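With mmCIF, C-alpha atoms inside, this is my_file_8.cif:
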data_run
#
loop_
_atom_site.label_atom_id
_atom_site.label_comp_id
_atom_site.auth_asym_id
_atom_site.auth_seq_id
_atom_site.Cartn_x
_atom_site.Cartn_y
_atom_site.Cartn_z
CA MET E 1 22.36 1.03 14.82
CA THR E 2 23.41 -1.01 17.83
CA SER E 3 23.44 -4.77 17.56
CA HIS E 4 20.25 -4.98 19.64
CA THR E 5 18.16 -2.37 17.82
CA LYS E 6 15.14 -3.99 16.20
CA THR E 7 14.07 -2.26 12.97
CA ALA E 8 10.99 -3.01 10.86
CA VAL E 9 11.54 -3.59 7.15
CA SER E 10 8.66 -3.21 4.73
CA THR E 11 7.96 -2.55 1.08
CA GLN E 12 4.92 -1.98 -1.09
CA ALA E 13 6.41 -4.51 -3.54
CA ALA E 14 5.23 -7.29 -1.19
CA PRO E 15 1.83 -7.80 0.45
CA ALA E 16 1.23 -5.57 3.45
CA ALA E 17 1.09 -7.16 6.88
CA ILE E 18 -2.52 -7.81 7.86
CA GLY E 19 -1.95 -8.12 11.58
CA PRO E 20 0.37 -7.06 14.38
CA TYR E 21 3.58 -8.05 12.60
CA THR E 22 5.99 -6.64 10.02
CA GLN E 23 7.17 -8.05 6.70
CA ALA E 24 10.62 -8.44 8.25
CA VAL E 25 12.71 -7.39 11.23
CA ARG E 26 16.37 -6.45 11.09
CA ILE E 27 18.46 -6.88 14.21
CA GLY E 28 22.21 -6.55 13.99
CA ASP E 29 23.47 -8.24 10.85
CA PHE E 30 20.43 -10.47 10.39
CA LEU E 31 17.04 -10.13 8.74
CA TYR E 32 14.11 -12.31 9.83
CA SER E 33 11.15 -12.35 7.47
CA SER E 34 7.56 -13.09 8.26
CA GLY E 35 6.00 -15.90 6.29
CA GLN E 36 4.92 -14.98 2.78
CA ILE E 37 2.14 -16.67 0.86
CA GLY E 38 1.36 -16.24 -2.82
CA LEU E 39 -0.53 -12.96 -2.54
CA ASP E 40 -0.20 -10.48 -5.38
CA PRO E 41 0.88 -7.23 -3.69
CA ALA E 42 -1.12 -5.16 -6.20
CA THR E 43 -4.45 -6.93 -5.65
CA GLY E 44 -4.06 -8.61 -2.27
CA GLN E 45 -5.44 -11.79 -3.85
CA LEU E 46 -3.89 -15.24 -3.95
CA VAL E 47 -2.43 -15.87 -7.41
CA GLU E 48 -4.01 -18.54 -9.58
CA GLY E 49 -2.08 -21.33 -11.23
CA GLY E 50 -1.48 -23.87 -8.49
CA ILE E 51 1.69 -24.63 -6.58
CA GLU E 52 4.04 -23.37 -9.30
CA ALA E 53 2.44 -19.92 -9.54
CA GLN E 54 2.10 -19.58 -5.78
CA THR E 55 5.72 -20.64 -5.17
CA ARG E 56 7.00 -18.12 -7.71
CA ARG E 57 4.88 -15.34 -6.13
CA VAL E 58 6.05 -16.25 -2.62
CA LEU E 59 9.67 -16.04 -3.76
CA GLU E 60 9.12 -12.73 -5.55
CA ASN E 61 7.51 -11.36 -2.37
CA LEU E 62 10.48 -12.52 -0.29
CA LYS E 63 12.90 -11.08 -2.85
CA ALA E 64 11.15 -7.69 -2.57
CA VAL E 65 11.39 -7.74 1.23
CA LEU E 66 15.07 -8.66 1.06
CA GLN E 67 15.71 -5.86 -1.43
CA ALA E 68 13.97 -3.39 0.91
CA ALA E 69 16.62 -4.35 3.49
CA GLY E 70 19.43 -3.98 0.95
CA ALA E 71 19.88 -7.75 0.64
CA GLU E 72 19.73 -10.39 -2.06
CA MET E 73 18.47 -13.97 -2.21
CA SER E 74 22.10 -15.20 -2.06
CA GLN E 75 22.35 -13.80 1.49
CA VAL E 76 19.60 -16.08 2.80
CA VAL E 77 21.08 -18.60 5.24
CA LYS E 78 17.91 -20.43 6.36
CA THR E 79 14.48 -21.01 4.92
CA THR E 80 11.39 -22.67 6.30
CA VAL E 81 8.82 -23.94 3.81
CA PHE E 82 5.28 -24.82 4.81
CA LEU E 83 3.33 -26.92 2.31
CA GLN E 84 -0.33 -27.75 2.49
CA ASN E 85 0.53 -31.04 0.77
CA LEU E 86 3.98 -32.66 0.61
CA LYS E 87 3.00 -34.09 -2.77
CA ASP E 88 3.72 -30.55 -4.05
CA PHE E 89 7.34 -30.78 -2.87
CA ALA E 90 8.93 -31.57 -6.26
CA ALA E 91 7.12 -28.74 -8.07
CA MET E 92 7.93 -26.26 -5.29
CA ASN E 93 11.53 -27.45 -5.10
CA ALA E 94 12.17 -26.95 -8.83
CA ILE E 95 11.18 -23.27 -8.61
CA TYR E 96 12.86 -22.81 -5.22
CA GLY E 97 16.14 -23.99 -6.75
CA GLN E 98 15.96 -21.31 -9.46
CA TYR E 99 15.92 -18.61 -6.76
CA PHE E 100 18.18 -20.08 -4.11
CA ALA E 101 20.60 -22.41 -5.90
CA PRO E 102 21.78 -20.90 -9.18
CA ALA E 103 25.22 -22.08 -10.31
CA GLY E 104 27.97 -21.09 -7.90
CA ILE E 105 25.66 -20.11 -5.01
CA VAL E 106 25.57 -22.09 -1.77
CA PRO E 107 21.89 -22.73 -1.07
CA PRO E 108 20.50 -21.94 2.38
CA ALA E 109 19.74 -24.52 5.02
CA ARG E 110 16.07 -25.48 4.81
CA SER E 111 13.25 -27.16 6.68
CA THR E 112 10.09 -28.22 4.86
CA VAL E 113 6.95 -29.36 6.63
CA GLN E 114 3.40 -30.22 5.71
CA VAL E 115 0.79 -28.27 7.63
CA ALA E 116 -2.94 -28.74 8.09
CA ALA E 117 -3.82 -25.34 6.62
CA LEU E 118 -2.33 -22.01 5.58
CA PRO E 119 -3.85 -18.51 5.52
CA ARG E 120 -6.30 -17.92 2.66
CA GLU E 121 -6.05 -21.62 1.75
CA ALA E 122 -2.60 -21.02 0.26
CA LEU E 123 -0.64 -24.04 -0.94
CA VAL E 124 2.77 -22.78 0.24
CA GLU E 125 4.25 -20.31 2.72
CA MET E 126 7.94 -19.47 3.25
CA GLU E 127 10.01 -17.47 5.69
CA VAL E 128 13.72 -16.67 5.56
CA ILE E 129 16.66 -15.56 7.66
CA ALA E 130 19.35 -13.58 5.86
CA ALA E 131 22.83 -12.47 6.88
CA LEU E 132 23.30 -8.82 5.98
#

As structure tokens - that is how I would like this structure written.
Amino acid sequence: MTSHTKTAVSTQAAPAAIGPYTQAVRIGDFLYSSGQIGLDPATGQLVEGGIEAQTRRVLENLKAVLQAAGAEMSQVVKTTVFLQNLKDFAAMNAIYGQYFAPAGIVPPARSTVQVAALPREALVEMEVIAAL
């Protein structure tokens, strides 16, 4: 693969793309994911249980996409988090830390913003960039 070859990455272990995009794109030594919301890949439905359940599902979806590219969560260098309500930040952050900041791992850079709405009325959406 040349450094400018763009390759789609996808897995059935994460929700299928529902539009003209892919779950992730690899180019060179980087992987760029599409945003993931808390959809259960088996049912296509948003998981119940509030911000905690949705955050966990989002991170499991991202983990599956990373694994499809041969990567791990520790290789993520940048995340962007979209919250429907910044009051959910602490609850999201506690779960986020379990995935991205276990002992001895440098956590990725991150931006977090509140948005007016997310697809399917989700409470959280995340996208990542990983170094492969």

Taking only residues of range 61-113 of chain E that have an atom at most 12 Å from an atom of range 25-29 of chain E, what is each one's shortest atom pair and its distance in Å to one decimal, using all atoms listed in the file, in chain and number order, as CSV?
residue,atom,partner,partner_atom,distance
E:Val65,CA,E:Val25,CA,10.1
E:Leu66,CA,E:Arg26,CA,10.4
E:Ala68,CA,E:Arg26,CA,10.9
E:Ala69,CA,E:Arg26,CA,7.9
E:Gly70,CA,E:Arg26,CA,10.9
E:Ala71,CA,E:Asp29,CA,10.8
E:Gln75,CA,E:Asp29,CA,10.9
E:Val76,CA,E:Asp29,CA,11.9

| For the atom pair CA of Leu123 in chain E and CA of Val77 in chain E, what is the interatomic distance in Å to one decimal place? | 23.2 Å

| field | Distance query Gly35 in chain E at most 7 Å, all atoms listed in the file, self and fewer than 6 positions along chain excluded, as a ChimeraX atom specification | value | /E:125-127

| task | Can you pull out every residue within 7 Å of range 16-23 of chain E, counting all atoms listed in the file, but drop anything in the same chain fewer than 2 positions away, and send it as a PyMOL selection string? | result | chain E and resi 8-10+12+14+25+33-34+65

| task | Find the distance between CA of Arg120 in chain E and CA of Asn93 in chain E and write it in Å to one decimal. | result |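 Calculated distance between CA of Arg120 in chain E and CA of Asn93 in chain E is 21.7 Å.
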
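Put simply, CA of Ala116 in chain E is 6.3 Å away from CA of Gln84 in chain E.
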
Would you save range 92-107 of chain E to a file, keeping N, CA and C atoms, as a compact mmCIF listing (two decimals), in the first residue's frame?
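And here is the file that came out, out-v3.txt:
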# COMPACT_ATOMS: atom_id res chain seq x y z
N MET E 92 -19.74 10.32 31.16
CA MET E 92 -19.06 9.86 29.95
C MET E 92 -17.57 9.72 30.22
N ASN E 93 -16.98 10.70 30.89
CA ASN E 93 -15.55 10.74 31.12
C ASN E 93 -15.07 9.56 31.97
N ALA E 94 -15.87 9.15 32.94
CA ALA E 94 -15.49 8.02 33.80
C ALA E 94 -15.34 6.74 32.98
N ILE E 95 -16.26 6.51 32.06
CA ILE E 95 -16.20 5.31 31.21
C ILE E 95 -15.12 5.47 30.16
N TYR E 96 -15.02 6.64 29.57
CA TYR E 96 -13.98 6.95 28.58
C TYR E 96 -12.60 6.61 29.15
N GLY E 97 -12.35 7.01 30.38
CA GLY E 97 -11.06 6.77 31.02
C GLY E 97 -10.73 5.29 31.15
N GLN E 98 -11.74 4.45 31.34
CA GLN E 98 -11.50 3.00 31.43
C GLN E 98 -10.95 2.45 30.12
N TYR E 99 -11.38 3.01 29.01
CA TYR E 99 -10.96 2.54 27.69
C TYR E 99 -9.67 3.18 27.20
N PHE E 100 -9.51 4.48 27.49
CA PHE E 100 -8.39 5.21 26.90
C PHE E 100 -7.27 5.58 27.88
N ALA E 101 -7.47 5.40 29.17
CA ALA E 101 -6.44 5.82 30.11
C ALA E 101 -6.18 4.80 31.21
N PRO E 102 -6.08 3.51 30.86
CA PRO E 102 -5.70 2.57 31.91
C PRO E 102 -4.27 2.86 32.36
N ALA E 103 -3.89 2.35 33.51
CA ALA E 103 -2.56 2.63 34.06
C ALA E 103 -1.46 2.37 33.04
N GLY E 104 -0.56 3.34 32.92
CA GLY E 104 0.59 3.19 32.04
C GLY E 104 0.36 3.57 30.59
N ILE E 105 -0.85 3.94 30.22
CA ILE E 105 -1.16 4.30 28.83
C ILE E 105 -1.33 5.82 28.74
N VAL E 106 -0.68 6.43 27.76
CA VAL E 106 -0.87 7.86 27.52
C VAL E 106 -2.21 8.04 26.83
N PRO E 107 -3.13 8.78 27.44
CA PRO E 107 -4.43 8.98 26.79
C PRO E 107 -4.30 9.86 25.55
